[in-house]
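Asker: Here you go, target39.csv (CSV, C-alpha atoms and all ligand atoms):
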chain,number,residue,atom,x,y,z
Z,1,MET,CA,179.9,44.8,39.7
Z,2,PRO,CA,178.8,44.5,36.1
Z,3,VAL,CA,181.7,44.2,33.7
Z,4,LEU,CA,181.4,45.4,30.1
Z,5,THR,CA,182.1,43.2,27.2
Z,6,THR,CA,184.5,45.0,24.9
Z,7,THR,CA,184.0,43.1,21.7
Z,8,PRO,CA,183.5,45.6,18.9
Z,9,LEU,CA,180.1,45.9,17.4
Z,10,PRO,CA,179.6,44.3,13.9
Z,11,VAL,CA,178.7,47.0,11.5
Z,12,ARG,CA,175.4,45.4,10.7
Z,13,ALA,CA,174.6,43.9,14.0
Z,14,PRO,CA,171.1,42.4,14.0
Z,15,VAL,CA,168.2,44.5,15.4
Z,16,LEU,CA,165.5,43.7,17.8
Z,17,VAL,CA,162.6,46.1,18.0
Z,18,LEU,CA,161.0,46.1,21.4
Z,19,LEU,CA,157.3,47.2,21.5
Z,20,PRO,CA,155.7,47.5,24.9
Z,21,VAL,CA,152.0,46.9,24.4
Z,22,HIS,CA,149.0,47.9,26.6
Z,23,ASN,CA,145.7,47.9,24.7
Z,24,GLU,CA,147.0,48.7,21.3
Z,25,GLU,CA,144.9,46.3,19.1
Z,26,THR,CA,144.2,49.0,16.6
Z,27,ASN,CA,147.8,50.1,16.1
Z,28,LEU,CA,149.9,46.9,16.0
Z,29,ASP,CA,149.4,46.0,12.3
Z,30,ARG,CA,150.2,49.4,11.2
Z,31,MET,CA,153.1,49.7,13.5
Z,32,VAL,CA,154.7,46.5,12.2
Z,33,HIS,CA,154.0,47.5,8.6
Z,34,ASP,CA,155.7,50.8,9.2
Z,35,ILE,CA,158.7,49.2,10.9
Z,36,ASP,CA,159.2,46.8,8.0
Z,37,ALA,CA,158.8,49.7,5.5
Z,38,ALA,CA,161.4,51.8,7.3
Z,39,PHE,CA,163.9,49.0,7.4
Z,40,ALA,CA,163.1,47.8,3.8
Z,41,ALA,CA,163.7,51.3,2.5
Z,42,VAL,CA,167.3,50.9,3.3
Z,43,SER,CA,167.7,47.3,2.1
Z,44,HIS,CA,170.2,48.5,-0.4
Z,45,GLN,CA,172.5,49.3,2.5
Z,46,SER,CA,172.9,45.5,3.0
Z,47,VAL,CA,170.2,45.0,5.6
Z,48,SER,CA,168.8,41.9,4.1
Z,49,ALA,CA,165.9,41.0,6.4
Z,50,PRO,CA,163.4,42.8,8.6
Z,51,PRO,CA,164.3,43.2,12.3
Z,52,PHE,CA,163.1,40.8,14.9
Z,53,ILE,CA,160.1,42.2,16.8
Z,54,LEU,CA,159.7,41.5,20.5
Z,55,PHE,CA,156.3,42.5,21.8
Z,56,VAL,CA,155.7,42.7,25.6
Z,57,ASP,CA,152.0,42.4,26.2
Z,58,ASP,CA,151.6,44.3,29.5
Z,59,GLY,CA,148.3,42.8,30.6
Z,60,SER,CA,146.2,44.2,27.7
Z,61,ARG,CA,142.5,43.8,28.1
Z,62,ASP,CA,141.6,44.2,24.5
Z,63,CYS,CA,142.4,41.9,21.6
Z,64,SER,CA,146.1,42.9,21.4
Z,65,ARG,CA,147.2,39.4,22.2
Z,66,ALA,CA,145.2,37.9,19.3
Z,67,VAL,CA,146.6,40.5,16.9
Z,68,ILE,CA,150.1,39.8,18.1
Z,69,GLU,CA,149.6,36.0,17.6
Z,70,GLN,CA,148.5,36.7,14.1
Z,71,ILE,CA,151.5,38.9,13.3
Z,72,ILE,CA,153.8,36.2,14.7
Z,73,GLN,CA,152.2,33.6,12.5
Z,74,GLN,CA,152.2,35.6,9.3
Z,75,ARG,CA,155.4,37.6,9.6
Z,76,GLY,CA,157.6,35.3,11.6
Z,77,GLN,CA,160.7,36.9,13.2
Z,78,ALA,CA,158.6,38.0,16.1
Z,79,ALA,CA,157.8,36.9,19.6
Z,80,CYS,CA,155.9,38.1,22.6
Z,81,LEU,CA,156.3,38.1,26.4
Z,82,CYS,CA,152.9,38.1,28.0
Z,83,PHE,CA,152.8,39.5,31.5
Z,84,SER,CA,150.5,38.0,34.1
Z,85,ARG,CA,148.9,41.4,34.6
Z,86,ASN,CA,149.6,45.1,33.9
Z,87,PHE,CA,153.0,45.9,35.4
Z,88,GLY,CA,153.5,49.2,33.7
Z,89,HIS,CA,155.4,50.6,30.7
Z,90,GLN,CA,158.8,50.8,32.5
Z,91,ALA,CA,158.6,47.2,33.6
Z,92,ALA,CA,157.7,46.1,30.1
Z,93,VAL,CA,160.8,47.9,28.7
Z,94,MET,CA,163.0,46.3,31.3
Z,95,ALA,CA,161.6,42.9,30.5
Z,96,GLY,CA,162.2,43.3,26.8
Z,97,LEU,CA,165.8,44.4,27.5
Z,98,ALA,CA,166.3,41.4,29.8
Z,99,TYR,CA,165.1,38.9,27.1
Z,100,ALA,CA,167.0,40.4,24.2
Z,101,PRO,CA,169.7,38.1,22.9
Z,102,ALA,CA,173.3,39.2,23.7
Z,103,ASP,CA,174.5,40.4,20.4
Z,104,TYR,CA,171.5,42.4,19.3
Z,105,VAL,CA,171.0,46.1,18.9
Z,106,VAL,CA,167.7,46.9,20.8
Z,107,LEU,CA,165.4,49.6,19.5
Z,108,ILE,CA,162.6,50.6,21.9
Z,109,MET,CA,159.5,52.2,20.5
Z,110,ASP,CA,156.0,52.9,21.7
Z,111,ALA,CA,153.6,50.7,19.9
Z,112,ASP,CA,151.2,53.5,19.0
Z,113,GLY,CA,153.1,55.2,16.2
Z,114,GLN,CA,154.3,58.1,18.3
Z,115,ASP,CA,157.9,57.0,17.8
Z,116,PRO,CA,158.2,57.1,14.0
Z,117,PRO,CA,159.9,53.9,12.7
Z,118,TYR,CA,162.0,55.8,10.2
Z,119,VAL,CA,163.5,57.8,13.0
Z,120,GLY,CA,164.0,54.5,14.8
Z,121,PHE,CA,166.1,53.3,11.9
Z,122,GLU,CA,168.2,56.4,12.2
Z,123,LEU,CA,168.8,55.6,15.9
Z,124,VAL,CA,169.9,52.1,14.9
Z,125,GLU,CA,172.3,53.5,12.4
Z,126,ARG,CA,174.0,55.6,15.1
Z,127,ILE,CA,174.6,52.4,17.1
Z,128,TRP,CA,176.0,50.7,14.0
Z,129,HIS,CA,178.4,53.6,13.7
Z,130,GLY,CA,179.8,53.1,17.2
Z,131,VAL,CA,177.5,55.0,19.6
Z,132,ASP,CA,176.1,53.0,22.6
Z,133,VAL,CA,172.9,54.8,23.2
Z,134,ALA,CA,171.0,56.9,20.6
Z,135,TYR,CA,167.8,58.4,21.9
Z,136,GLY,CA,165.0,60.5,20.3
Z,137,VAL,CA,164.7,64.1,21.5
Z,138,ARG,CA,161.2,65.5,21.1
Z,139,ARG,CA,161.4,68.7,19.1
Z,140,ASN,CA,157.6,69.2,19.6
Z,141,ARG,CA,154.7,67.1,20.6
Z,142,GLN,CA,151.0,66.8,19.8
Z,143,GLY,CA,148.1,66.4,22.1
Z,144,ASN,CA,146.8,67.9,25.3
Z,145,PRO,CA,148.5,71.3,25.8
Z,146,LEU,CA,148.3,71.0,29.6
Z,147,LYS,CA,150.1,67.6,29.5
Z,148,ARG,CA,152.7,69.1,27.2
Z,149,LEU,CA,153.3,71.9,29.6
Z,150,ALA,CA,153.5,69.4,32.5
Z,151,TYR,CA,156.1,67.3,30.6
Z,152,TRP,CA,158.1,70.4,29.8
Z,153,ALA,CA,158.1,71.5,33.4
Z,154,PHE,CA,158.8,68.0,34.7
Z,155,TYR,CA,161.9,67.5,32.6
Z,156,ARG,CA,163.3,70.9,33.7
Z,157,THR,CA,162.6,70.3,37.4
Z,158,LEU,CA,164.2,66.9,37.2
Z,159,SER,CA,167.3,68.3,35.6
Z,160,GLN,CA,167.6,70.9,38.3
Z,161,LEU,CA,167.1,68.4,41.1
Z,162,SER,CA,169.2,65.6,39.8
Z,163,ASN,CA,173.0,65.5,40.1
Z,164,LEU,CA,173.0,63.5,36.9
Z,165,THR,CA,172.6,65.1,33.5
Z,166,ILE,CA,169.4,63.6,32.2
Z,167,PRO,CA,168.7,64.8,28.7
Z,168,LEU,CA,165.7,67.1,28.4
Z,169,ASP,CA,162.6,66.0,26.4
Z,170,ALA,CA,163.9,62.5,25.8
Z,171,GLY,CA,161.5,59.6,26.4
Z,172,ASP,CA,162.1,55.9,26.2
Z,173,PHE,CA,162.4,56.0,22.4
Z,174,CYS,CA,166.0,54.8,22.1
Z,175,ALA,CA,168.4,52.3,20.5
Z,176,TYR,CA,171.0,50.5,22.7
Z,177,SER,CA,174.2,48.7,21.7
Z,178,PRO,CA,174.5,45.2,23.1
Z,179,ARG,CA,176.8,46.3,25.9
Z,180,ALA,CA,174.5,49.1,26.8
Z,181,VAL,CA,171.7,46.6,27.1
Z,182,GLN,CA,173.9,44.5,29.3
Z,183,MET,CA,174.5,47.4,31.6
Z,184,MET,CA,170.8,48.3,31.7
Z,185,THR,CA,169.8,44.8,32.7
Z,186,SER,CA,172.4,44.7,35.4
Z,187,LEU,CA,170.5,47.4,37.3
Z,188,LYS,CA,167.9,45.9,39.6
Z,189,GLU,CA,165.6,48.6,40.6
Z,190,GLN,CA,162.0,48.0,41.8
Z,191,ARG,CA,160.7,51.2,40.2
Z,192,PRO,CA,162.9,51.8,37.3
Z,193,TYR,CA,162.8,55.2,35.6
Z,194,VAL,CA,164.3,53.9,32.3
Z,195,ARG,CA,165.4,57.2,30.8
Z,196,GLY,CA,167.2,58.2,34.0
Z,197,LEU,CA,168.9,54.8,34.3
Z,198,ARG,CA,169.9,55.2,30.7
Z,199,ALA,CA,171.7,58.5,31.5
Z,200,TRP,CA,173.2,56.9,34.6
Z,201,ILE,CA,175.0,54.1,32.7
Z,202,GLY,CA,177.0,56.6,30.7
Z,203,LEU,CA,178.9,55.3,27.7
Z,204,ARG,CA,178.7,57.1,24.4
Z,205,GLN,CA,175.3,58.7,24.0
Z,206,VAL,CA,173.7,60.9,21.4
Z,207,GLY,CA,170.3,62.6,21.0
Z,208,VAL,CA,168.5,62.7,17.7
Z,209,PRO,CA,165.8,65.4,17.4
Z,210,TYR,CA,162.5,64.4,15.9
Z,211,ASP,CA,158.9,65.6,15.7
Z,212,ARG,CA,156.5,63.5,17.8
Z,213,PRO,CA,153.3,62.8,16.0
Z,214,ASP,CA,150.0,61.9,17.6
Z,215,ARG,CA,149.1,58.2,18.2
Z,216,TYR,CA,147.7,56.3,15.2
Z,217,ALA,CA,144.5,55.4,17.1
Z,218,GLY,CA,143.2,54.6,20.6
Z,219,ALA,CA,143.8,56.4,23.8
Z,220,THR,CA,146.9,56.8,26.0
Z,221,SER,CA,147.4,54.5,29.0
Z,222,TYR,CA,149.0,57.3,30.9
Z,223,SER,CA,146.4,59.0,33.0
Z,224,TRP,CA,147.4,62.1,35.0
Z,225,LYS,CA,147.8,59.9,38.1
Z,226,ARG,CA,150.2,57.5,36.3
Z,227,LEU,CA,152.1,60.4,34.9
Z,228,MET,CA,152.5,61.8,38.4
Z,229,GLN,CA,153.7,58.4,39.7
Z,230,LEU,CA,156.3,58.3,36.9
Z,231,ALA,CA,157.4,61.8,37.7
Z,232,ALA,CA,157.8,61.0,41.4
Z,233,ASP,CA,159.8,57.9,40.5
Z,234,GLY,CA,162.0,60.0,38.3
Z,235,ILE,CA,162.7,62.6,40.9
Z,236,ILE,CA,162.9,60.4,43.9
Z,237,SER,CA,165.2,57.8,42.3
Z,238,PHE,CA,167.6,60.4,40.9
Z,239,SER,CA,167.7,63.1,43.6
Z,240,LEU,CA,168.1,63.4,47.4
Z,241,LYS,CA,167.4,67.1,47.0
Z,242,PRO,CA,163.7,67.0,48.1
Z,243,LEU,CA,165.0,65.5,51.4
Z,244,ARG,CA,167.5,68.3,51.7
Z,245,LEU,CA,164.9,70.9,50.9
Z,246,ALA,CA,162.7,69.4,53.7
Z,247,MET,CA,165.6,69.8,56.1
Z,248,ILE,CA,166.3,73.4,55.1
Z,249,LEU,CA,162.6,74.2,55.4
Z,250,GLY,CA,162.6,72.6,58.8
Z,251,LEU,CA,165.6,74.6,59.9
Z,252,LEU,CA,164.0,77.8,58.7
Z,253,THR,CA,160.7,77.2,60.5
Z,254,PHE,CA,162.7,76.4,63.6
Z,255,LEU,CA,164.5,79.7,63.4
Z,256,VAL,CA,161.3,81.6,62.8
Z,257,SER,CA,159.6,79.9,65.7
Z,258,CYS,CA,162.6,80.7,68.0
Z,259,LEU,CA,162.4,84.4,67.0
Z,260,LEU,CA,158.6,84.5,67.5
Z,261,GLY,CA,158.8,82.6,70.7
Z,262,GLY,CA,161.5,84.9,72.0
Z,263,MET,CA,159.5,88.0,71.0
Z,264,TYR,CA,156.4,86.9,72.8
Z,265,LEU,CA,158.3,85.9,75.9
Z,266,MET,CA,159.9,89.3,76.1
Z,267,LEU,CA,156.6,91.0,75.6
Z,268,TYR,CA,155.1,89.0,78.4
Z,269,LEU,CA,157.9,89.2,80.8
Z,270,PHE,CA,158.5,92.9,80.5
Z,271,ASP,CA,154.9,93.8,80.1
Z,272,TRP,CA,155.6,95.7,76.9
Z,273,ASN,CA,152.8,96.8,74.7
Z,274,ILE,CA,152.2,96.9,70.9
Z,275,ALA,CA,150.1,99.9,69.8
Z,276,GLY,CA,148.9,100.4,73.3
Z,277,GLN,CA,147.8,96.9,73.7
Z,278,ARG,CA,149.4,95.0,76.6
Z,279,MET,CA,150.5,91.5,75.8
Z,280,ARG,CA,149.3,90.2,79.1
Z,281,GLU,CA,145.8,91.0,78.2
Z,282,VAL,CA,145.9,89.5,74.7
Z,283,PRO,CA,144.7,85.9,74.6
Z,284,GLY,CA,146.8,85.5,71.4
Z,285,PHE,CA,144.4,83.0,69.9
Z,286,THR,CA,144.8,84.0,66.3
Z,287,THR,CA,148.6,84.0,66.4
Z,288,LEU,CA,148.5,80.6,68.0
Z,289,ILE,CA,146.2,79.1,65.5
Z,290,LEU,CA,148.1,80.6,62.5
Z,291,VAL,CA,151.5,79.4,63.8
Z,292,MET,CA,150.2,76.0,64.7
Z,293,LEU,CA,148.5,75.4,61.4
Z,294,GLY,CA,151.5,76.8,59.4
Z,295,PHE,CA,154.0,74.7,61.2
Z,296,SER,CA,152.0,71.5,61.4
Z,297,GLY,CA,151.4,71.8,57.6
Z,298,LEU,CA,155.1,72.1,57.0
Z,299,GLN,CA,155.8,69.2,59.2
Z,300,MET,CA,153.2,67.0,57.4
Z,301,MET,CA,154.8,68.0,54.1
Z,302,MET,CA,158.2,67.0,55.3
Z,303,LEU,CA,157.0,63.8,56.7
Z,304,GLY,CA,155.4,63.1,53.4
Z,305,ILE,CA,158.6,63.6,51.5
Z,306,ILE,CA,160.5,61.3,53.9
Z,307,GLY,CA,157.6,58.8,53.6
Z,308,GLU,CA,158.0,58.7,49.8
Z,309,TYR,CA,161.7,57.7,50.2
Z,310,LEU,CA,161.0,55.3,52.9
Z,311,GLY,CA,158.2,53.6,50.9
Z,312,ARG,CA,160.7,53.1,48.1
Z,313,VAL,CA,163.3,51.7,50.4
Z,314,PHE,CA,160.6,49.2,51.7
Z,315,GLU,CA,159.8,48.2,48.1
Z,316,GLU,CA,163.5,47.6,47.3
Z,317,ALA,CA,163.9,45.6,50.6
Z,318,LYS,CA,161.0,43.3,49.6
Z,319,GLY,CA,162.9,42.4,46.5
Z,320,ARG,CA,159.9,41.3,44.5
Z,321,PRO,CA,160.5,40.7,40.8
Z,322,LEU,CA,159.7,43.7,38.6
Z,323,PHE,CA,157.3,41.6,36.4
Z,324,ILE,CA,156.0,38.1,35.9
Z,325,VAL,CA,156.0,36.6,32.4
Z,326,ALA,CA,153.0,34.3,32.3
Z,327,ASP,CA,153.7,32.8,28.9
Z,328,THR,CA,155.4,33.5,25.7
Z,329,LEU,CA,154.3,33.5,22.0
Z,330,GLY,CA,156.6,32.6,19.1
Z,331,ARG,CA,160.2,31.5,19.3
Z,332,LEU,CA,162.1,33.8,21.6
Z,333,GLU,CA,165.5,33.0,20.3
Z,334,PRO,CA,165.7,34.9,17.1
Z,335,THR,CA,167.3,33.0,14.2
Z,336,SER,CA,170.2,34.9,12.7
Z,337,VAL,CA,168.6,36.4,9.7
Z,338,ILE,CA,170.7,39.5,9.1
Z,339,ASP,CA,173.9,39.3,7.1
Z,340,ARG,CA,176.8,40.2,9.1
Z,401,LIG,N1,152.3,50.9,27.8
Z,401,LIG,C1,152.5,49.7,28.5
Z,401,LIG,N2,152.1,49.5,29.7
Z,401,LIG,C2,151.3,50.5,30.4
Z,401,LIG,C3,151.1,51.7,29.7
Z,401,LIG,C4,151.6,51.9,28.4
Z,401,LIG,O1,153.2,48.8,28.0
Z,401,LIG,O2,150.9,50.2,31.5
Z,401,LIG,C5,152.8,51.0,26.4
Z,401,LIG,C6,151.8,51.5,25.4
Z,401,LIG,O3,151.1,50.4,24.8
Z,401,LIG,C7,152.6,52.3,24.4
Z,401,LIG,C8,153.7,52.9,25.3
Z,401,LIG,O4,153.8,52.1,26.5
Z,401,LIG,O5,153.2,51.4,23.5
Z,401,LIG,C9,153.4,54.3,25.7
Z,401,LIG,O6,152.2,54.4,26.3
Z,401,LIG,P1,151.1,55.6,25.9
Z,401,LIG,O7,151.1,55.8,24.5
Z,401,LIG,O8,149.9,55.2,26.6
Z,401,LIG,O9,151.8,56.8,26.7
Z,401,LIG,P2,152.0,58.3,26.1
Z,401,LIG,O10,152.6,58.2,24.7
Z,401,LIG,O11,150.7,58.9,26.1
Z,401,LIG,O12,153.0,58.9,27.0
Z,402,MG,MG,151.8,57.1,23.2
Would you mind giving the structure from this file in structure tokens?

Answerer:
Amino acid sequence: MPVLTTTPLPVRAPVLVLLPVHNEETNLDRMVHDIDAAFAAVSHQSVSAPPFILFVDDGSRDCSRAVIEQIIQQRGQAACLCFSRNFGHQAAVMAGLAYAPADYVVLIMDADGQDPPYVGFELVERIWHGVDVAYGVRRNRQGNPLKRLAYWAFYRTLSQLSNLTIPLDAGDFCAYSPRAVQMMTSLKEQRPYVRGLRAWIGLRQVGVPYDRPDRYAGATSYSWKRLMQLAADGIISFSLKPLRLAMILGLLTFLVSCLLGGMYLMLYLFDWNIAGQRMREVPGFTTLILVMLGFSGLQMMMLGIIGEYLGRVFEEAKGRPLFIVADTLGRLEPTSVIDR
């Protein structure tokens, strides 16, 4: 069982900004510039140095790695974990949390400018003031209206299905206190749904509303297929209700088939007729086909739901690591640069 450390947080605990990166070569310079600007704007509040930046290069195929190398050389106070291949956004976030030094506040942001750094600083401030988890809540979003609608529907479905209160419209944009980081990294799931796990750990949490802008440049790495996968992970890891629904549907179909079966049996046995038509003379082909198709469709659907859960149990049982760090850039152990 993970045990929480209870040491009080220093008011200006150092900050590590975690940026998961997948093909973001055009955005990284601007992102780092904006982070530094957001934190410098408040330097009078005794934050004496820029935050440490930890990139997680999630198998980028563009020049992201070269850009990161350059940033590390020029700016300092930065490092990068390079994955051996693309393991996915959620794995990248978990890796960054796992590598964060123990006494750091961790701020997770998308590397494409959609999580504004000045709001990120606000989240960090909440942590400094004693909250454990401060997450951004999207007041509105830009981009594809169909995707926006899908997100909207997904968050509401998840909250209906899950027994846990998972905040609506909150993504991975979030700041964690050191003890919240410790809790998060103690959870060893093969397919982590980070924003759900974050709600699961509890502690003191607060949502901060913000307007989500469009990405600086480039294209999203989340295709419809990957979004659906993430949604399935979210629902399946946080709810057993689809299984229960399958059971209820199964029960209902069984009841209906009993009724229908009984009815046809009576019609046959007593030679009753419907609208002058004697049952014994009706081949019943259409009914048979309809009933068969309907019920076998239902059965397939239920098997599918069970299969989804079973597949995940299988993955957990294999116990493979969530990611592989092939190499690292820069010094990973941040030097203590922030006055405490
Ligand atoms: N990302 C990642 N691995 C992936 C996909 C995305 O590390 O396999 C990063 C990406 O570089 C960005 C963040 O996760 O920093 C969010 O991704 P994206 O902007 O593509 O998603 P969207 O904002 O469209 O949901
Ligand atoms: Mg994005």

Asker: Counting all atoms listed in the file, what are the residues, protein, DNA or RNA alike, that approach ligand LIG 401 (chain Z) to within 9 Å? I want them as number ranges by chain.

Answerer: Z: 19-24, 56-60, 86-93, 109-115, 143, 171-172, 214-215, 218-223, 226-227

Asker: For CA of Arg12 (chain Z) and CA of Ile166 (chain Z), quote the distance in Å rounded to one decimal.

Answerer: 28.8 Å

Asker: Kindly give the distance, in Å, that separates CA of Trp200 (chain Z) and CA of Leu187 (chain Z), rounded to a single decimal.

Answerer: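 Interatomic distance here is 10.2 Å.
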
Asker: Give the answer as one residue: which of Z:Pro116, Z:Gly304, Z:Gly276, Z:Gly330 has the shortest atom-to-atom distance to ligand MG 402 (chain Z), using only C-alpha atoms and all ligand atoms?

Answerer: Z:Pro116

Asker: Have a look at Z:Leu293, Z:Ala317, Z:Ile235, Z:Leu18 and name the one nearest to Pro101 (chain Z); count only C-alpha atoms.

Answerer: Z:Leu18

Asker: For each of Z:Tyr155, Z:Tyr135, Z:Tyr309, Z:Tyr216, take the minimum atom-to-atom distance to ligand MG 402 (chain Z), counting all atoms listed in the file, then give the residue where this is smallest.

Answerer: Z:Tyr216

Asker: Within 9 Å of region 62-77 of chain Z, counting all atoms listed in the file, which residues show up once you throw out same-chain ones fewer than 2 positions away? Write them as a PyMOL selection string, please.

Answerer: chain Z and resi 21-26+28-29+32+50-55+57+60+79-80+82+329-331+334-335+337

Asker: Kindly give the distance, in Å, that separates CA of Thr253 (chain Z) and CA of Gln229 (chain Z), rounded to a single decimal.

Answerer: 28.9 Å

Asker: From the list Z:Ala326, Z:Leu161, Z:Leu260, Z:Ala13, which residue is nearest Leu240 (chain Z) when using only C-alpha atoms?

Answerer: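 Nearest to Leu240 (chain Z): Z:Leu161.
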
Asker: Considering only C-alpha atoms and all ligand atoms, state which residue in the set Z:Glu308, Z:Gln142, Z:Ile35, Z:Leu298 is at the smallest distance from ligand MG 402 (chain Z).

Answerer: Z:Gln142

Asker: Could you please give me, as JSON, numbers by chain, the residues of protein, DNA or RNA lying at most 10 Å from (158.9, 61.5, 47.5) in the coordinate frame of the file, considering all atoms listed in the file?

Answerer: {"Z": [229, 231, 232, 233, 234, 235, 236, 237, 239, 240, 242, 243, 302, 303, 304, 305, 306, 307, 308, 309, 310, 311, 312]}

Asker: Would you mind telling me which residue in Z:Ala102, Z:Leu249, Z:Phe173, Z:Gln299 lies nearest to ligand MG 402 (chain Z) when using all atoms listed in the file?

Answerer: Z:Phe173
